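A.B. asks: I have a structure I would like to understand better, so I am pasting it below and will then ask my questions one at a time.
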Number of protein chains: 2
Amino acid sequence: MEAITIKDIARALNISTSTVSRALRNSYEINPETKKLVMEYAEKMNYRPNPIALSLKDSKSKSIGVIIPEIANHFFSQLINGIESIAYNLGYHVVIFQSHDSYEREVANTNYLVSRKVDGLLVSLASLTTNLFHFQDLMERGLPIVFLDRVPKEIETHKVVADNFDGSYQATSHLIQTGKRRIAHLTSPIYLSITTERLAGYRKALEDNGIPFDESYVRYCIYGGKVVAENEEAIGELLALPEPPDAIFTASDRLTTGCLAVLQKRRIKIPEEIAIVGFTNISVAELLNPPLTAVVQPALEMGQQAVELLIRLIEHPQKKGDYEIRFLQTSLITRESSVGKQALKT
Amino acid sequence: MEAITIKDIARALNISTSTVSRALRNSYEINPETKKLVMEYAEKMNYRPNPIALSLKDSKSKSIGVIIPEIANHFFSQLINGIESIAYNLGYHVVIFQSHDSYEREVANTNYLVSRKVDGLLVSLASLTTNLFHFQDLMERGLPIVFLDRVPKEIETHKVVADNFDGSYQATSHLIQTGKRRIAHLTSPIYLSITTERLAGYRKALEDNGIPFDESYVRYCIYGGKVVAENEEAIGELLALPEPPDAIFTASDRLTTGCLAVLQKRRIKIPEEIAIVGFTNISVAELLNPPLTAVVQPALEMGQQAVELLIRLIEHPQKKGDYEIRFLQTSLITRESSVGKQALKT
């Protein structure tokens with residue numbers, strides 16, 4: 001008996017050969033019913049793909065789409081450099097898009113990338129994204145997606161994050177060790193994964209040290225500090241409390257430098273009156289006035305590991321299902337903004 | 001005999017180039033009489049389509065490729081935000097690539113973008129690019145390209161640049177006005193357009209003030225300050241001169257913050273012993289120690305104007321030829337690194 005070909009399947013089901021071929025490759029471009037029809041018929045007729053034909057027809061674009069909130073942020077630009085360092089060596093192009101923390105732009109970027117047939121996506125969610133259908137739909141259609149940094153609970157796939165809980169726990173504990181007791185927390189919108197993880201670490205450190213958690217010391221900035229007025233308002237509210245904070249622990253790059261700017265403007269002595277410790281990957285933390293105590297995320301490694309996981313999904317789709325969540329350690333770099341000039345350990 | 005082009009056919013038949021192009025592709029949008037007219041004329045004149053140009057012009061993707069040296073630099077990230085702000089509103093996707101100042105990556109990015117059928121390119125040259133064939137070839141084949149910031153002399157197209165000569169002239173004059181006389185210049189590789197423009201402004205300001213230009217005060221950093229050792233070495237050489245500089249004028253973001261770091265490390269008093277003025281769009285210039293006197297480029301506007309010019313080329317290809325070079329004004333923001341605490345004008 002002669003072997004059955006893609007052409008035979010196409011003729012039998014009255015669809016195009018390219019649809020059959022893509023259905024057999026489990027492409028996200030083909031709807032699930034058609035895929036089922038094709039695969040069942042192929043199974044029944046004992047279809048065996050010709051491996052040479054397969055590799056010839058395989059129209060991988062060898063490109064990866066990256067959607068991040070913004071590139072004007074050292075954390076994200078280091079993340080991208082990590083992604084590119086691996087991708088480039090493995091022969092993949094990296095196509096970068098900014099969502100500007102807008103849900104609409106994230107959806108538009110996603111649709112565009114798919115229409116240009118990227119082989120997979122790396123995503124750090126926009127802060128205003130709450131509906132995940134645009135990603136869920138693509139994954140169901142077979143497009144590999146790996147999330148990093150800001151990741152959705154609701155979607156099962158590989159995820160690479162910093163150990164935000166531990167980073168916050170260390171930063172808050174450090175402030176307590178320097179004698180601070182009224183530690184405020186300036187953070188991003190509550191529905192981001194990084195926000196709840198960092199908040200939990202902060203809270204646990206307080207409680208482990210016998211300091212009750214007080215919600216009035218926590219301020220959520222919907223634009224993550226990108227709007228200057230937002231920082232000013234949040235810090236103004238903290239300073240107006242009956243017992244104003246003696247330290248502020250900030251949860252992002254923008255919030256950290258924004259907080260420093262507001263305290264400088266108000267001529268508040270750092271760290272004597274208010275200490276600052278913040279999540280930031282800014283390259284000039286040491287050159288700031290005062291030099292900034294920072295929780296630094298391993299952004300480069302996060303990007304590298306995420307793209308490795310994605311390329312594995314792209315090249316070995318059959319291994320799907322054993323999804324990993326990787327937590328990478330942060331480092332606390334102690335500088336004058338928390339310990340002052342005298343006490344500085346070098 | 002020179003080959004006949006679509007333009008020639010359009011002119012001869014008094015119809016638009018896009019009608020000719022679609023008629024030749026046998027598009028359903030063109031009526032049969034026009035098609036017949038075009039095809040017969042093309043046949044008679046022995047018209048031969050350029051297959052690559054055809055594929056480049058075919059089917060607009062409504063997307064623009066951007067190739068810049070690196071995104072971890074406020075100047076370039078602001079440039080991109082300017083590009084995106086206009087493009088998004090006009091319905092264009094913006095696809096971002098980093099060359100990492102490598103010629104090979106720039107060529108690879110360009111080839112990839114073309115294979116994905118972008119409608120046009122915005123490019124700021126990699127510092128290691130000296131051969132421009134990859135761009136020249138594409139332009140000849142009909143792909144619109146606009147250059148910005150680091151632009152090639154050899155290619156005729158729209159270009160958008162900061163007024164680097166004037167920015168340098170102002171910065172150098174400012175240092176002279178504060179009493180400095182031995183002003184060094186730390187800059188990028190000599191073959192970049194921005195380097196020669198900035199060097200010329202520096203030199204003119206010295207000479208206009210009766211200070212002879214002295215090549216031993218100029219240091220070219222091949223990696224533009226991205227390699228820390230490069231900054232250290234260049235500044236070490238300047239400090240070892242028989243008459244070390246009393247001011248350093250730096251020509252880029254990395255060189256400026258790198259110079260500040262080296263002087264801080266050597267515990268040199270800024271500006272009393274050595275003043276610093278630098279080209280930088282860093283967002284935290286005011287928070288540095290000391291706050292940095294900066295030549296700020298209108299990066300957002302540069303991006304906006306460049307993408308407007310590109311979209312005009314894409315949508316009205318017949319208007320090619322009237323190429324503009326736009327020079328946008330920089331601003332000098334005076335802070336403590338050049339005038340000290342006492343003299344600071346606010």
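Following the order of the structure tokens, chains are lettered A, B, ..., residues in each are numbered from 1, and ligands are numbered from 1.
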Write out as JSON, numbers by chain each polymer residue whose atoms come within 10 Å of region 88-93 of chain A, counting only C-alpha atoms; drop sequence neighbours fewer than 6 positions from it.
C.D. replies: {"A": [61, 62, 63, 64, 65, 118, 119, 308, 311], "B": [97, 105, 108, 109, 112, 113]}
A.B. asks: Need to verify the contact set: region 262-269 of chain B, 8 Å, only C-alpha atoms, exclusion of same-chain residues closer than 5 positions in sequence. Can you return it as a list in words?
C.D. replies: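 Answer for this query is Asn231, Glu232, Ile235 and Ile274 of chain B.
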A.B. asks: Please return as an MDAnalysis selection string: the residues of region 149-277 of chain A that backbone DSSP assigns to alpha helix (DSSP H).
C.D. replies: chainID A and resid 164:177 193:208 228:239 253:265
A.B. asks: Could you work out how far CA of Val307 (chain A) lies from CA of Tyr323 (chain A), giving the answer in Å with one decimal?
C.D. replies: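 The value is 14.0 Å.
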A.B. asks: Pull out every residue of chain B that has at least one atom within 8 Å of chain A, counting only C-alpha atoms, and report them as an mmCIF file with C-alpha atoms, in the first residue's frame.
C.D. replies:
data_model
loop_
_atom_site.group_PDB
_atom_site.id
_atom_site.type_symbol
_atom_site.label_atom_id
_atom_site.label_comp_id
_atom_site.auth_asym_id
_atom_site.auth_seq_id
_atom_site.Cartn_x
_atom_site.Cartn_y
_atom_site.Cartn_z
ATOM 1 C CA ILE B 71 17.698 50.795 24.746
ATOM 2 C CA ALA B 72 19.351 51.033 28.195
ATOM 3 C CA ASN B 73 19.992 54.709 27.581
ATOM 4 C CA HIS B 74 17.501 57.451 28.284
ATOM 5 C CA SER B 77 14.323 55.233 25.091
ATOM 6 C CA GLN B 78 12.904 58.760 24.845
ATOM 7 C CA HIS B 93 3.337 49.179 14.764
ATOM 8 C CA VAL B 94 6.843 49.911 15.923
ATOM 9 C CA VAL B 95 9.298 47.023 15.994
ATOM 10 C CA ILE B 96 12.404 47.752 18.037
ATOM 11 C CA PHE B 97 15.852 46.232 17.550
ATOM 12 C CA ASN B 109 18.490 43.241 12.213
ATOM 13 C CA TYR B 112 15.315 40.314 9.409
ATOM 14 C CA ARG B 116 9.251 40.519 7.750
ATOM 15 C CA THR B 257 27.987 59.189 34.360
ATOM 16 C CA LEU B 260 31.370 61.280 37.423
ATOM 17 C CA ALA B 261 32.000 57.812 38.875
ATOM 18 C CA VAL B 284 18.093 61.498 37.566
ATOM 19 C CA LEU B 287 19.611 63.599 42.008
ATOM 20 C CA LEU B 288 23.276 62.834 41.356
ATOM 21 C CA ASN B 289 26.097 63.887 43.631
ATOM 22 C CA PRO B 290 26.706 66.590 42.623
#
A.B. asks: Do a least-squares overlay of chain A on chain B, C-alpha atoms all paired in order, then report the RMSD in Å.
C.D. replies: 7.0 Å
A.B. asks: So that I can check the surroundings of Pro69 (chain B), please list as a ChimeraX atom specification every protein, DNA and RNA residue that reaches within 7 Å of it, counting only C-alpha atoms and ignoring chain neighbours fewer than 2 positions away.
C.D. replies: /B:67,98-101,124-126
A.B. asks: With a distance cut-off of 12 Å and only C-alpha atoms, select the neighbouring residues of Leu313 (chain B), excluding the residue or stretch itself and same-chain residues fewer than 6 positions from it, and output the selection as a ChimeraX atom specification.
C.D. replies: /B:64,119-122,139,142-146,157-158,306-307,319-324
A.B. asks: Would you mind telling me which residue in B:Ala299, B:Glu140, B:Ser102, B:Ser21 lies nearest to Tyr223 (chain B) when using only C-alpha atoms?
C.D. replies: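 Looking only at the distances to Tyr223 (chain B), the closest residue turns out to be B:Ser102.
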